[in-house]
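Chemist: Got a structure for you, query06.txt, holding compact mmCIF, C-alpha atoms.
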# COMPACT_ATOMS: atom_id res chain seq x y z
CA MET A 1439 0.00 0.00 0.00
CA ALA A 1440 1.51 3.28 -1.18
CA PHE A 1441 1.52 6.33 1.06
CA SER A 1442 1.47 9.96 -0.01
CA ALA A 1443 2.51 12.70 2.40
CA ASN A 1444 -1.20 13.25 3.06
CA ASP A 1445 -1.72 9.55 3.86
CA LEU A 1446 1.23 9.54 6.23
CA ALA A 1447 -0.14 12.65 7.95
CA GLN A 1448 -3.40 10.79 8.61
CA VAL A 1449 -1.92 7.68 10.23
CA ARG A 1450 -3.41 7.34 13.72
CA PHE A 1451 -3.95 4.84 16.52
CA ALA A 1452 -7.30 3.75 17.92
CA ILE A 1453 -8.58 1.34 20.54
CA SER A 1454 -11.60 -0.56 19.28
CA PRO A 1455 -13.85 -2.81 21.41
CA MET A 1456 -15.11 -4.60 18.30
CA TRP A 1457 -11.60 -5.54 17.26
CA GLU A 1458 -11.50 -7.47 20.55
CA VAL A 1459 -14.95 -9.05 20.18
CA ALA A 1460 -14.33 -10.98 16.97
CA PRO A 1461 -10.91 -12.52 17.75
CA SER A 1462 -11.83 -13.29 21.37
CA PHE A 1463 -15.06 -15.02 20.33
CA ARG A 1464 -13.07 -17.02 17.77
CA LEU A 1465 -10.64 -18.02 20.50
CA LEU A 1466 -13.49 -19.38 22.64
CA LYS A 1467 -14.67 -21.53 19.71
CA SER A 1468 -11.24 -23.06 19.20
CA THR A 1469 -10.42 -26.43 20.74
CA THR A 1470 -6.70 -25.63 20.78
CA ALA A 1471 -5.18 -24.60 24.11
CA HIS A 1472 -3.88 -21.03 24.07
CA PRO A 1473 -0.61 -20.35 25.93
CA VAL A 1474 -1.57 -16.81 26.98
CA HIS A 1475 -5.36 -16.60 27.17
CA ARG A 1476 -6.11 -19.95 28.82
CA PRO A 1477 -7.04 -18.39 32.22
CA TRP A 1478 -9.51 -16.07 30.50
CA ILE A 1479 -10.96 -18.89 28.38
CA GLU A 1480 -11.48 -21.11 31.43
CA GLN A 1481 -13.40 -18.35 33.20
CA VAL A 1482 -15.44 -17.05 30.26
CA ARG A 1483 -16.31 -20.10 28.17
CA PRO A 1484 -18.79 -21.56 30.72
CA ARG A 1485 -20.63 -18.23 30.90
CA VAL A 1486 -20.80 -17.94 27.11
CA LEU A 1487 -22.08 -21.49 26.74
CA ALA A 1488 -24.67 -20.99 29.49
CA ALA A 1489 -25.96 -17.93 27.64
CA GLY A 1490 -26.30 -19.94 24.42
CA LEU A 1491 -24.00 -17.65 22.48
CA ASP A 1492 -22.33 -20.65 20.87
CA ARG A 1493 -25.56 -21.13 18.92
CA GLY A 1494 -26.38 -17.51 18.09
CA TRP A 1495 -25.61 -14.82 15.55
CA LEU A 1496 -21.95 -14.45 16.47
CA ALA A 1497 -21.37 -18.19 16.13
CA GLU A 1498 -22.51 -17.99 12.49
CA LEU A 1499 -20.77 -14.70 11.70
CA ILE A 1500 -17.40 -15.60 13.23
CA GLY A 1501 -15.88 -18.93 12.25
CA THR A 1502 -12.85 -20.58 13.79
CA SER A 1503 -10.76 -19.16 10.94
CA GLY A 1504 -11.07 -17.15 7.77
CA TYR A 1505 -13.09 -14.09 6.90
CA VAL A 1506 -15.01 -12.02 9.44
CA PRO A 1507 -17.63 -9.65 7.93
CA ASP A 1508 -16.27 -6.12 7.69
CA PHE A 1509 -19.40 -4.52 9.09
CA LEU A 1510 -18.51 -6.03 12.48
CA THR A 1511 -15.41 -3.80 12.68
CA PRO A 1512 -16.51 -0.27 11.74
CA ALA A 1513 -13.76 2.33 11.54
CA PRO A 1514 -13.36 3.92 15.01
CA ALA A 1515 -14.48 7.53 14.84
CA GLY A 1516 -12.06 8.62 17.56
CA PRO A 1517 -9.07 7.34 19.53
CA ALA A 1518 -11.17 5.17 21.86
CA PRO A 1519 -14.87 4.84 21.00
CA THR A 1520 -17.19 3.33 23.58
CA PRO A 1521 -18.66 -0.12 22.94
CA ALA A 1522 -22.10 1.47 22.51
CA ALA A 1523 -20.76 3.83 19.82
CA GLU A 1524 -19.42 0.89 17.84
CA TRP A 1525 -22.68 -1.04 18.21
CA ASP A 1526 -24.51 2.01 16.88
CA ALA A 1527 -22.15 2.08 13.90
CA ILE A 1528 -22.88 -1.60 13.21
CA SER A 1529 -26.62 -0.98 13.42
CA ALA A 1530 -26.24 1.87 10.93
CA SER A 1531 -24.34 -0.26 8.37
CA PRO A 1532 -25.77 0.25 4.86
CA ALA A 1533 -27.83 -2.74 3.76
CA ASP A 1534 -25.91 -3.20 0.52
CA ARG A 1535 -22.60 -3.42 2.42
CA VAL A 1536 -23.99 -5.98 4.86
CA ARG A 1537 -25.21 -8.09 1.94
CA GLU A 1538 -21.85 -7.75 0.20
CA ASP A 1539 -20.05 -8.95 3.33
CA LEU A 1540 -22.45 -11.86 3.75
CA ASP A 1541 -21.99 -12.87 0.11
CA HIS A 1542 -18.25 -12.89 0.72
CA LEU A 1543 -18.75 -14.95 3.89
CA ALA A 1544 -20.93 -17.42 1.95
CA ARG A 1545 -18.12 -17.94 -0.55
CA HIS A 1546 -15.80 -18.81 2.34
CA GLN A 1547 -18.25 -21.03 4.23
CA GLY A 1548 -20.06 -22.54 1.25
CA HIS A 1549 -23.50 -21.29 2.34
CA LEU A 1550 -25.44 -19.10 4.75
CA GLY A 1551 -27.62 -20.66 7.43
CA PRO A 1552 -31.24 -19.59 8.04
CA ARG A 1553 -30.24 -16.91 10.55
CA LEU A 1554 -27.73 -15.19 8.25
CA SER A 1555 -30.04 -15.63 5.28
CA SER A 1556 -32.63 -13.60 7.17
CA LEU A 1557 -29.97 -10.97 7.89
CA HIS A 1558 -29.15 -10.88 4.17
CA ALA A 1559 -32.82 -10.44 3.31
CA ASP A 1560 -33.45 -7.58 5.74
CA PRO A 1561 -30.30 -6.09 7.31
CA PRO A 1562 -31.97 -3.10 9.04
CA ALA A 1563 -34.43 -5.37 10.87
CA ARG A 1564 -31.88 -8.00 11.91
CA LEU A 1565 -28.85 -5.88 12.81
CA ALA A 1566 -30.53 -4.89 16.07
CA LYS A 1567 -30.56 -8.56 17.09
CA VAL A 1568 -26.88 -8.88 16.15
CA THR A 1569 -25.86 -5.87 18.23
CA GLN A 1570 -28.00 -7.06 21.14
CA GLU A 1571 -26.09 -10.34 21.15
CA ILE A 1572 -22.77 -8.50 20.87
CA GLU A 1573 -23.72 -6.47 23.94
CA THR A 1574 -24.52 -9.67 25.85
CA TYR A 1575 -21.19 -11.17 24.84
CA TRP A 1576 -19.37 -7.99 25.84
CA GLU A 1577 -20.87 -7.99 29.33
CA LEU A 1578 -20.09 -11.69 29.85
CA ALA A 1579 -16.66 -11.96 28.28
CA LEU A 1580 -14.90 -8.61 28.02
CA ALA A 1581 -16.41 -5.85 30.18
CA PRO A 1582 -15.22 -7.38 33.52
CA TYR A 1583 -11.67 -7.49 32.12
CA TRP A 1584 -11.72 -4.29 30.08
CA ALA A 1585 -9.77 -2.15 32.56
CA ARG A 1586 -6.93 -4.66 32.49
CA ILE A 1587 -7.07 -5.05 28.70
CA ARG A 1588 -7.30 -1.31 28.16
CA ALA A 1589 -4.17 -0.72 30.26
CA VAL A 1590 -2.19 -3.02 27.95
CA LEU A 1591 -3.54 -1.32 24.82
CA ASP A 1592 -2.83 2.17 26.17
CA ALA A 1593 0.71 1.15 27.08
CA ASP A 1594 1.27 -0.18 23.56
CA ILE A 1595 0.11 3.08 21.97
CA PHE A 1596 2.31 5.08 24.33
CA TYR A 1597 5.31 2.98 23.29
CA ARG A 1598 4.51 3.32 19.57
CA ALA A 1599 3.96 7.07 19.83
CA ARG A 1600 7.32 7.45 21.51
CA THR A 1601 8.89 5.38 18.74
CA VAL A 1602 7.52 7.78 16.13
CA ALA A 1603 8.76 10.78 18.12
CA GLU A 1604 12.27 9.36 18.51
CA HIS A 1605 12.79 7.44 15.25
CA GLY A 1606 10.06 8.36 12.76
CA ALA A 1607 7.10 6.59 11.17
CA GLY A 1608 9.25 4.25 9.09
CA HIS A 1609 10.78 2.74 12.21
CA LEU A 1610 7.29 2.39 13.71
CA PHE A 1611 6.08 0.28 10.79
CA ASN A 1612 9.20 -1.89 10.68
CA ASP A 1613 8.89 -2.53 14.43
CA LEU A 1614 5.14 -3.24 14.36
CA HIS A 1615 5.16 -6.91 13.33
CA THR A 1616 7.48 -9.35 11.56
CA SER A 1617 5.15 -9.48 8.54
CA VAL A 1618 5.11 -5.70 8.07
CA SER A 1619 7.82 -3.70 6.32
CA TRP A 1620 8.17 -0.09 5.23
CA ASP A 1621 10.32 1.03 2.32
CA ASP A 1622 10.16 3.89 -0.15
CA SER A 1623 6.75 5.21 1.03
CA THR A 1624 5.19 1.76 0.68
CA LEU A 1625 3.80 -0.53 3.38
CA THR A 1626 4.13 -4.22 2.57
CA LEU A 1627 2.35 -7.06 4.37
CA VAL A 1628 3.86 -10.49 3.83
CA ARG A 1629 1.42 -13.38 3.22
CA ARG A 1630 -1.64 -11.15 2.86
CA LYS A 1631 -3.91 -12.88 0.33
CA ARG A 1632 -5.12 -9.73 -1.40
CA ASP A 1633 -3.43 -6.53 -2.50
CA MET A 1634 -4.26 -3.23 -0.81
CA PRO A 1635 -4.16 -0.69 -3.65
CA ARG A 1636 -4.52 2.83 -2.36
CA GLN A 1637 -7.17 3.71 -4.96
CA PHE A 1638 -9.51 1.19 -3.31
CA ALA A 1639 -8.99 2.48 0.23
CA GLY A 1640 -9.55 5.67 2.17
CA ALA A 1641 -6.77 8.06 3.09
CA GLY A 1642 -4.36 7.39 5.94
CA LEU A 1643 -4.17 4.25 8.09
CA LEU A 1644 -5.75 3.16 11.37
CA LEU A 1645 -3.42 1.18 13.62
CA ILE A 1646 -5.33 -0.83 16.21
CA PRO A 1647 -3.50 -2.70 19.00
CA SER A 1648 -5.39 -5.79 20.11
CA ALA A 1649 -5.13 -8.16 23.05
CA PHE A 1650 -6.73 -11.08 21.20
CA THR A 1651 -5.51 -10.61 17.63
CA GLY A 1652 -2.48 -12.73 16.90
CA PRO A 1653 -0.06 -14.10 16.23
CA GLY A 1654 -0.70 -12.62 12.79
CA LEU A 1655 -2.31 -9.37 11.68
CA ARG A 1656 -5.87 -8.61 10.65
CA THR A 1657 -6.78 -6.01 8.05
CA ARG A 1658 -9.90 -4.24 6.85
CA VAL A 1659 -9.90 -2.29 3.59
CA ARG A 1660 -13.28 -0.79 2.82
CA PRO A 1661 -13.54 2.65 1.21
CA PRO A 1662 -14.24 5.39 2.06
CA ASP A 1663 -12.92 4.34 5.49
CA PRO A 1664 -9.18 4.42 6.07
CA PRO A 1665 -7.63 0.95 5.96
CA GLN A 1666 -7.41 -0.69 9.39
CA LEU A 1667 -4.52 -2.79 10.61
CA ALA A 1668 -5.01 -4.70 13.87
CA TYR A 1669 -1.84 -6.06 15.42
CA PRO A 1670 -0.91 -7.92 18.65
CA ALA A 1671 -0.28 -5.42 21.42
CA ARG A 1672 2.94 -5.47 23.39
CA GLY A 1673 2.65 -6.89 26.91
CA VAL A 1674 -0.22 -9.30 26.20
CA GLY A 1675 1.88 -12.16 27.57
CA ALA A 1676 1.53 -10.73 31.09
CA LEU A 1677 -2.16 -9.81 30.75
CA TRP A 1678 -3.53 -12.55 33.02
CA GLU A 1679 -0.70 -12.74 35.54
CA THR A 1680 -1.94 -12.69 39.14
CA ARG A 1681 -0.34 -11.20 42.22
CA PRO A 1682 0.10 -13.04 45.52
CA ALA A 1683 -2.49 -11.90 48.06
CA THR A 1684 0.14 -11.40 50.76
CA GLY A 1685 1.57 -8.40 48.93
CA ALA A 1686 -1.40 -6.18 49.75
CA CYS A 1687 -0.87 -6.10 53.52
CA ALA A 1688 0.08 -2.40 53.35
CA LEU A 1689 -3.51 -1.61 52.34
CA VAL A 1690 -5.08 -3.28 55.37
CA PRO A 1691 -4.71 -0.27 57.73
CA VAL A 1692 -6.32 1.93 55.05
CA LEU A 1693 -9.11 -0.23 53.63
CA GLY A 1694 -9.56 -2.81 56.36
CA ARG A 1695 -8.81 -6.55 56.17
CA SER A 1696 -12.03 -7.63 54.49
CA ARG A 1697 -12.03 -5.00 51.75
CA THR A 1698 -8.36 -5.62 51.04
CA LEU A 1699 -9.01 -9.36 50.88
CA LEU A 1700 -11.80 -8.83 48.38
CA LEU A 1701 -9.59 -6.66 46.17
CA THR A 1702 -6.89 -9.30 46.07
CA GLU A 1703 -9.46 -11.99 45.28
CA LEU A 1704 -10.69 -9.90 42.36
CA ALA A 1705 -7.59 -10.66 40.35
CA THR A 1706 -10.26 -12.43 38.31
CA PRO A 1707 -13.84 -11.08 38.17
CA ALA A 1708 -16.26 -12.91 40.45
CA SER A 1709 -19.79 -12.78 41.81
CA THR A 1710 -20.80 -12.05 45.41
CA THR A 1711 -21.55 -15.74 45.99
CA GLU A 1712 -18.18 -16.83 44.62
CA LEU A 1713 -16.31 -14.24 46.69
CA ALA A 1714 -18.14 -15.34 49.84
CA ARG A 1715 -17.17 -18.95 49.14
CA ARG A 1716 -13.52 -18.06 48.58
CA THR A 1717 -13.08 -15.72 51.52
CA GLY A 1718 -15.37 -17.18 54.18
CA LEU A 1719 -17.14 -13.84 54.55
CA SER A 1720 -20.94 -13.78 54.62
CA PRO A 1721 -22.70 -12.93 51.31
CA ALA A 1722 -24.30 -9.91 53.02
CA GLY A 1723 -20.92 -8.71 54.23
CA VAL A 1724 -19.35 -9.20 50.80
CA SER A 1725 -22.17 -7.22 49.22
CA GLN A 1726 -21.72 -4.38 51.70
CA TYR A 1727 -17.95 -4.23 51.20
CA LEU A 1728 -18.28 -4.35 47.40
CA THR A 1729 -20.72 -1.46 47.48
CA ALA A 1730 -18.21 0.59 49.45
CA LEU A 1731 -15.38 -0.35 47.09
CA ARG A 1732 -17.53 0.47 44.09
CA ASN A 1733 -18.46 3.87 45.50
CA ALA A 1734 -14.75 4.54 45.99
CA GLY A 1735 -14.01 3.70 42.35
CA LEU A 1736 -12.01 0.57 43.19
CA VAL A 1737 -14.49 -1.98 41.83
CA SER A 1738 -16.79 -2.10 38.79
CA ALA A 1739 -19.92 -4.23 38.35
CA HIS A 1740 -20.99 -6.07 35.18
CA ARG A 1741 -24.22 -8.01 34.71
CA ALA A 1742 -23.74 -11.62 33.59
CA GLY A 1743 -27.15 -13.20 33.12
CA ARG A 1744 -28.88 -13.33 36.51
CA SER A 1745 -25.74 -12.55 38.47
CA VAL A 1746 -23.32 -9.63 38.66
CA LEU A 1747 -19.56 -9.93 38.19
CA TYR A 1748 -17.29 -7.57 40.09
CA ALA A 1749 -13.88 -6.55 38.78
CA ARG A 1750 -11.02 -4.37 39.97
CA THR A 1751 -10.58 -0.99 38.32
CA THR A 1752 -7.28 0.47 37.18
CA VAL A 1753 -7.28 2.60 40.34
CA ALA A 1754 -7.37 -0.56 42.47
CA ASP A 1755 -4.61 -2.12 40.38
CA THR A 1756 -2.49 0.98 40.95
CA LEU A 1757 -3.00 0.72 44.71
CA LEU A 1758 -2.04 -2.95 44.68
CA ASP A 1759 1.01 -2.23 42.53
CA ALA A 1760 2.12 0.40 45.03
CA SER A 1761 1.78 -2.08 47.88
CA PHE A 1762 4.30 -4.34 46.16
CA THR A 1763 6.98 -1.69 45.98
Would you mind writing the structure in this file as structure tokens?

Modeler:
Amino acid sequence: MAFSANDLAQVRFAISPMWEVAPSFRLLKSTTAHPVHRPWIEQVRPRVLAAGLDRGWLAELIGTSGYVPDFLTPAPAGPAPTPAAEWDAISASPADRVREDLDHLARHQGHLGPRLSSLHADPPARLAKVTQEIETYWELALAPYWARIRAVLDADIFYRARTVAEHGAGHLFNDLHTSVSWDDSTLTLVRRKRDMPRQFAGAGLLLIPSAFTGPGLRTRVRPPDPPQLAYPARGVGALWETRPATGACALVPVLGRSRTLLLTELATPASTTELARRTGLSPAGVSQYLTALRNAGLVSAHRAGRSVLYARTTVADTLLDASFT
């Protein structure tokens, strides 16, 4: 893909929730053990199966490999759109583009099932059901972990931005991934099946770090949007590392033993019942402490079916990090 000075001036980074939805859902469908995301898979897969999402719209739209319809990854309008903003963009996808994507998917899969055939027949009426299921998946699988994921993505962008400032855009591209190279105002992707001629793409380039994309890259070229390039973010290997609970003892005089214990237990999101079982505290006590921690901005709550999952916020992670130093 050739770059003019104008294209290079419009290269930007963005964090996209939907670029995490598709590859993470694909990972849950895979039967192959993943060396990095196994802890997340073990926690999330039972919730996704219980919700029946393995038999829904996403299961038909996202296969274990191959093409994912482009309308599921709309171009982020800003540096970090909210999940709801991206769902709105999906709902607003032009009908002809949805049908074009589904025709392309049918060529890959061999056919469209009854559910996707109905989407092909009437995209405006069915896209609401698709986005509703995406929202359910988000709350079950990604929202409880988003603070942790977002921290990794932000750190990657900070590193890349510093690379541009110190060494220039060419060094950024050559350092992005082993299959990407930059030479003579041209970006080359090794092993990409289709060319990316600039005349068939919008201006600039969107670089999107992803926790679940990998080990290769994913691309989306759909004019008039700028081309999108999703790449594995730095630091993903440490995403699910847990800290020993004993390291938080410095917080006990400030938060109290029970609240500190709950924060350390929330290295992985959990419900009130699960936290009571782990800690020996009463469910009523756990609920009371979680409310206090949530009001203080240390815990967030995410509905998962009939229960609520609680997760640490980045503020809580910062406090715990400080207690280790």

Chemist: Using only C-alpha atoms, which residues of range 1463-1522 of chain A come within 10 Å of range 1546-1558 of chain A, and what is the closest atom pair for each, with the distance in Å to one decimal? Give it as JSON lines, sorted by chain and residue number.

Modeler:
{"residue": "A:Gly1494", "atom": "CA", "partner": "A:Arg1553", "partner_atom": "CA", "distance": 8.5}
{"residue": "A:Trp1495", "atom": "CA", "partner": "A:Arg1553", "partner_atom": "CA", "distance": 7.1}
{"residue": "A:Glu1498", "atom": "CA", "partner": "A:Leu1554", "partner_atom": "CA", "distance": 7.3}
{"residue": "A:Leu1499", "atom": "CA", "partner": "A:Leu1554", "partner_atom": "CA", "distance": 7.8}
{"residue": "A:Gly1501", "atom": "CA", "partner": "A:Gln1547", "partner_atom": "CA", "distance": 8.6}
{"residue": "A:Ser1503", "atom": "CA", "partner": "A:His1546", "partner_atom": "CA", "distance": 10.0}
{"residue": "A:Gly1504", "atom": "CA", "partner": "A:His1546", "partner_atom": "CA", "distance": 7.4}
{"residue": "A:Tyr1505", "atom": "CA", "partner": "A:His1546", "partner_atom": "CA", "distance": 7.1}
{"residue": "A:Val1506", "atom": "CA", "partner": "A:His1546", "partner_atom": "CA", "distance": 9.9}

Chemist: If you count all atoms listed in the file, which residues fall within 12 Å of Ala1734 in chain A, apart from same-chain ones fewer than 3 positions away, as JSON, numbers by chain?

Modeler: {"A": [1693, 1697, 1727, 1728, 1729, 1730, 1731, 1737, 1738, 1750, 1751, 1753, 1754]}

Chemist: Counting all atoms listed in the file, figure out which residue out of A:Glu1604, A:Glu1679, A:Glu1577, A:Glu1538 gets nearest to Val1746 in chain A.

Modeler: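 Looking only at the distances to Val1746 in chain A, the closest residue turns out to be A:Glu1577.
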
Chemist: Excluding Gln1666 in chain A and its own-chain neighbours fewer than 4 positions away, which residues fall within 9 Å of it when counting all atoms listed in the file? Please give them as number ranges by chain.

Modeler: A: 1513, 1643-1646, 1656-1660

Chemist: Leaving out Ala1579 in chain A and any residue of its chain fewer than 3 positions from it, which residues lie within 7 Å of it when counting all atoms listed in the file, given as a VMD selection string?

Modeler: chain A and resid 1482 1575 to 1576

Chemist: May I have the selected residues written with C-alpha atoms, as an mmCIF file, keeping the file's coordinate frame?

Modeler:
data_model
loop_
_atom_site.group_PDB
_atom_site.id
_atom_site.type_symbol
_atom_site.label_atom_id
_atom_site.label_comp_id
_atom_site.auth_asym_id
_atom_site.auth_seq_id
_atom_site.Cartn_x
_atom_site.Cartn_y
_atom_site.Cartn_z
ATOM 1 C CA VAL A 1482 -15.440 -17.050 30.260
ATOM 2 C CA TYR A 1575 -21.190 -11.170 24.840
ATOM 3 C CA TRP A 1576 -19.370 -7.990 25.840
#

Chemist: Between CA of Thr1624 in chain A and CA of Phe1611 in chain A, what is the distance in Å, rounded to a tenth?

Modeler: 10.3 Å

Chemist: Have a look at CA of Leu1713 in chain A and CA of Ala1760 in chain A and let me know their distance in Å, one decimal.

Modeler: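 Rounded to one decimal, the two atoms are 23.6 Å apart.
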
Chemist: What is the CA of Leu1565 in chain A to CA of Ser1529 in chain A distance in Å?

Modeler: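 Computing the Euclidean distance for CA of Leu1565 in chain A and CA of Ser1529 in chain A yields 5.4 Å.
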
Chemist: Nearest to Pro1461 in chain A among A:Ile1528, A:Ala1581, A:Ala1649, A:Ala1497, with distances taken over all atoms listed in the file: which residue is it?

Modeler: A:Ala1649

Chemist: May I have the protein, DNA and RNA residues with any atom at most 6 Å from the point (8.8, -0.3, 8.9), counting all atoms listed in the file, written as a list in words?

Modeler: Gly1608, His1609, Leu1610, Phe1611, Asn1612, Asp1613, Ser1619 and Trp1620 of chain A

Chemist: Just give me the residues with any atom within 12 Å of (-18.8, -17.1, 22.1), file coordinates, counting only C-alpha atoms, written as a ChimeraX atom specification.

Modeler: /A:1459-1468,1479,1482-1502,1571-1580

Chemist: Which is closest to Leu1699 in chain A among A:Val1536, A:Tyr1748, A:Gly1718, A:Asp1622, if we use only C-alpha atoms?

Modeler: A:Gly1718

Chemist: Can you tell me, as a short mmCIF file (atom, residue, chain, number, x, y, z; two decimals) with C-alpha atoms, in the frame of the given file, what residues are no more than 8 Å from range 1673-1678 of chain A when counting all atoms listed in the file, ignoring any on the same chain fewer than 2 positions away?

Modeler:
data_model
loop_
_atom_site.label_atom_id
_atom_site.label_comp_id
_atom_site.auth_asym_id
_atom_site.auth_seq_id
_atom_site.Cartn_x
_atom_site.Cartn_y
_atom_site.Cartn_z
CA VAL A 1474 -1.57 -16.81 26.98
CA HIS A 1475 -5.36 -16.60 27.17
CA PRO A 1477 -7.04 -18.39 32.22
CA TRP A 1478 -9.51 -16.07 30.50
CA ARG A 1586 -6.93 -4.66 32.49
CA ILE A 1587 -7.07 -5.05 28.70
CA VAL A 1590 -2.19 -3.02 27.95
CA ASP A 1594 1.27 -0.18 23.56
CA ALA A 1649 -5.13 -8.16 23.05
CA PRO A 1670 -0.91 -7.92 18.65
CA ALA A 1671 -0.28 -5.42 21.42
CA THR A 1680 -1.94 -12.69 39.14
#

Chemist: Which residue is closest to Arg1672 in chain A? Choose from A:His1615, A:Arg1629, A:Arg1695, A:Arg1716 and count only C-alpha atoms.

Modeler: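 Selected residue with least distance to Arg1672 in chain A: A:His1615.
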
Chemist: Which residue out of A:Asn1733, A:Gly1652, A:Asp1541, A:Ser1720 has the minimum interatomic distance to Pro1473 in chain A when only C-alpha atoms are used?

Modeler: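 For Pro1473 in chain A, the nearest of the given residues is A:Gly1652.
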